[in-house]
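Q: Here you go, one structure.
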Amino acid sequence: IGMRGDTDCFRFTATKGQIIELEVRAARLGSKLDGVLRVLAADGRELASNDDGRGKDPYLAFTAPDNGEYIAALTDLNGRGGDGWTYRLRIAPAMPDFSLTVAPDCLSVGPGDRVPVTVTAARAFGFNDEITLEGVSLPPGLTLQGPLKLAAGQNEIQFFAVADANAAPAMVPLRIIGRAGVGARTASALLEEYTKNPEGNLVRGTRPVPFPLTGITGAPDVIVSLGAEKLELKVGATAELLVELTRKAGFTAKVPLILTGLPAGVSATPLEVPENQSEVKLTFKAEANAAVGEHRVVLVGRSVVDELRFTPHAAPPLALQVVK
């Protein structure tokens, strides 16, 4: 933007129904520009606008209402301009694409422990292909285990970061890369955080993290294991499974348990290992309408840091077979 009050305009053509991406890079490049981007019809009518689509930079995915010529108009939010108000503007037909996010943002795994990792895909402009995941430059002794592939149309997957029992402490940038026919994308990280709403209830939220990390830390509070890798459960009946904790010396607190992947009609209790205890028997119950088949169930024990924070520790996945 050359001078105060300037509006830079760029003409482009599009066909009816075509999606055009308009993206400004300014603040992300160190520019002073706080851009506002508008798309105008040839007669000057505003058809779309955006301020902070990519951080402080504008972004639009504009669908052309008719064949014809359009105008991209860029100004500074506060009407400023000058030598420091530089930018790059990209105007191009939208192509199938995807982006990835990973949680947790700081992947810390103690020797012998396993931590659940969730990767979420945001698919755009008709992209529906399979995405293969890979951990790059992980610390020695740390591996990713589990399904490392998002099937066509799948938007979320959970796997595990597992540390060898003798892994040495280390910390490196967290790089999980997804590969598909449209190219490779590095997963950005989201920090999961809990706040209290006015009613006093905990509310889960996320925010982006610019420099995600992964590493081997000190001894974990607990290591969670199961008494069996497989469990058969009959409809209308119950079955027991032993949960065992290897506690770090001095860690005596209760450990809440979370189960994911339970099929409809199946429940499990109790979901806590009491204080000073190192094992508990889970009782699985299948109702008459329980979903028959094999299900991948993941049990996670949480060592509590404070009221709003905890550290997850996962057991190896359980193959739960529900039969009639």
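Just so we're on the same page: first chain in the structure tokens is A, next is B, and so on; residues restart at 1 for each chain, and ligands are numbered from 1 in the order they show up.
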Show which residues sit within 7 Å of Lys281 in chain A, as a list in words. Count only C-alpha atoms, and ignore same-chain residues fewer than 3 positions away.
A: Glu240, Leu241, Leu242 and Val243 of chain A
Q: Could you list, as a list in words, every residue within 8 Å of range 178-181 of chain A, counting only C-alpha atoms and ignoring same-chain residues fewer than 2 positions away?
A: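 In the requested form, the answer reads Leu100, Asp129, Glu130, Ile131, Thr132, Leu133, Glu134, Ile176, Gly183, Ala184, Arg185, Thr186 and Ala187 of chain A.
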Q: Keeping only C-alpha atoms, take the residues you just selected and write them out as an mmCIF file, in the first residue's frame.
A:
data_model
loop_
_atom_site.group_PDB
_atom_site.id
_atom_site.type_symbol
_atom_site.label_atom_id
_atom_site.label_comp_id
_atom_site.auth_asym_id
_atom_site.auth_seq_id
_atom_site.Cartn_x
_atom_site.Cartn_y
_atom_site.Cartn_z
ATOM 1 C CA LEU A 100 -3.312 -31.127 9.188
ATOM 2 C CA ASP A 129 -8.050 -38.916 -1.009
ATOM 3 C CA GLU A 130 -6.091 -41.113 1.387
ATOM 4 C CA ILE A 131 -3.399 -39.371 3.475
ATOM 5 C CA THR A 132 -0.339 -41.271 4.713
ATOM 6 C CA LEU A 133 1.272 -39.945 7.912
ATOM 7 C CA GLU A 134 4.922 -40.041 8.939
ATOM 8 C CA ILE A 176 4.326 -35.080 11.435
ATOM 9 C CA GLY A 183 1.557 -33.098 -2.122
ATOM 10 C CA ALA A 184 2.949 -33.186 1.417
ATOM 11 C CA ARG A 185 1.716 -31.081 4.326
ATOM 12 C CA THR A 186 3.298 -30.649 7.764
ATOM 13 C CA ALA A 187 0.849 -30.791 10.656
#
Q: When you look at range 158-165 of chain A with a cut-off of 10 Å (counting only C-alpha atoms), what residues show up, excluding the ones that are within fewer than 2 positions of it in the same chain? I need them as a PyMOL selection string.
A: chain A and resi 102-103+107-120+135+138-150+156+167-168+214-217+219+298+313-317
Q: Could you name the residues that touch Leu282 in chain A at 12 Å or less, counting only C-alpha atoms, but leaving out those on the same chain fewer than 2 positions away, as a PyMOL selection string?
A: chain A and resi 226-228+231+238-244+257-259+267-273+279-280+284-285+299
Q: Now that the selection is made, can you save its residues with C-alpha atoms as a tab-separated table (two decimals), in the first residue's frame?
A:
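The resulting file, selection-v5.tsv, is shown below:
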chain	number	residue	atom	x	y	z
A	226	LEU	CA	-4.03	-54.37	30.50
A	227	GLY	CA	-4.35	-57.97	31.59
A	228	ALA	CA	-5.17	-59.07	28.02
A	231	LEU	CA	-11.66	-59.53	25.33
A	238	THR	CA	-20.53	-58.83	31.43
A	239	ALA	CA	-16.78	-59.50	31.26
A	240	GLU	CA	-13.86	-58.35	33.41
A	241	LEU	CA	-10.48	-56.95	32.44
A	242	LEU	CA	-7.58	-56.13	34.76
A	243	VAL	CA	-6.00	-52.66	34.53
A	244	GLU	CA	-2.54	-52.38	36.07
A	257	LEU	CA	-9.54	-43.66	33.28
A	258	ILE	CA	-10.91	-42.71	29.86
A	259	LEU	CA	-12.15	-45.28	27.35
A	267	SER	CA	-20.25	-49.57	29.03
A	268	ALA	CA	-17.40	-50.10	31.51
A	269	THR	CA	-16.96	-49.39	35.23
A	270	PRO	CA	-15.25	-48.24	37.39
A	271	LEU	CA	-13.34	-45.52	35.50
A	272	GLU	CA	-10.76	-44.76	38.17
A	273	VAL	CA	-7.85	-46.41	39.92
A	279	GLU	CA	-4.80	-52.14	39.80
A	280	VAL	CA	-8.53	-52.27	39.23
A	284	PHE	CA	-17.64	-54.38	30.63
A	285	LYS	CA	-21.39	-54.72	30.11
A	299	LEU	CA	-7.83	-46.92	27.61
Q: Taking 4 positions as the minimum chain separation for residues in the same chain, which residues sit within 12 Å of range 17-19 of chain A when counting only C-alpha atoms? Answer as a list in words.
A: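 So, after excluding close chain neighbours, the residues are Thr13, Leu60, Ala61, Phe62, Thr63, Ala64, Pro65, Asp66, Asn67, Gly68, Ile91, Ala92, Pro93, Ala94, Met95, Pro96, Ala124, Phe125 and Gly126 of chain A.
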Q: Which is closest to Phe98 in chain A among A:Ala14, A:Val182, A:Val300, A:Ala170, if we use only C-alpha atoms?
A: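 Of A:Ala14, A:Val182, A:Val300, A:Ala170, the one nearest Phe98 in chain A is A:Val182, counting only C-alpha atoms.
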Q: I'd like the interatomic distance between CA of Thr311 in chain A and CA of Lys196 in chain A, to a tenth of an Å.
A: 19.2 Å
Q: When distances are computed from only C-alpha atoms, which of A:Glu229, A:Arg45, A:Pro256, A:Ser278 shows the smallest separation from Val297 in chain A?
A: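 Closest to Val297 in chain A, using only C-alpha atoms: A:Glu229.
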Q: Any idea what's packed within 6 Å of range 31-41 of chain A, counting only C-alpha atoms, ignoring anything in its chain fewer than 3 positions away? Could you give it as number ranges by chain?
A: A: 26-27, 44-51, 58, 70-77, 84-86
Q: Find the residues around Pro210 in chain A up to 12 Å (only C-alpha atoms counted), leave out those fewer than 4 positions away in its own chain, and share them as a list in words.
A: Arg28, Gly55, Thr101, Asp105, Cys106, Pro173, Leu174, Ala187, Ser188, Ala189, Leu190 and Leu191 of chain A
Q: Tell me, which residues of range 123-279 of chain A carry DSSP strand (DSSP E), written as a ChimeraX atom specification?
A: /A:123-124,131-135,142-145,149-150,156-163,170-173,176-180,183-186,188-196,202-209,213-216,222-226,230-234,238-247,255-260,266-269,272-273,279
Q: What is the distance between CA of Ser225 in chain A and CA of Glu287 in chain A, in Å to one decimal?
A: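 Atom-to-atom, CA of Ser225 in chain A to CA of Glu287 in chain A, that is 26.1 Å.
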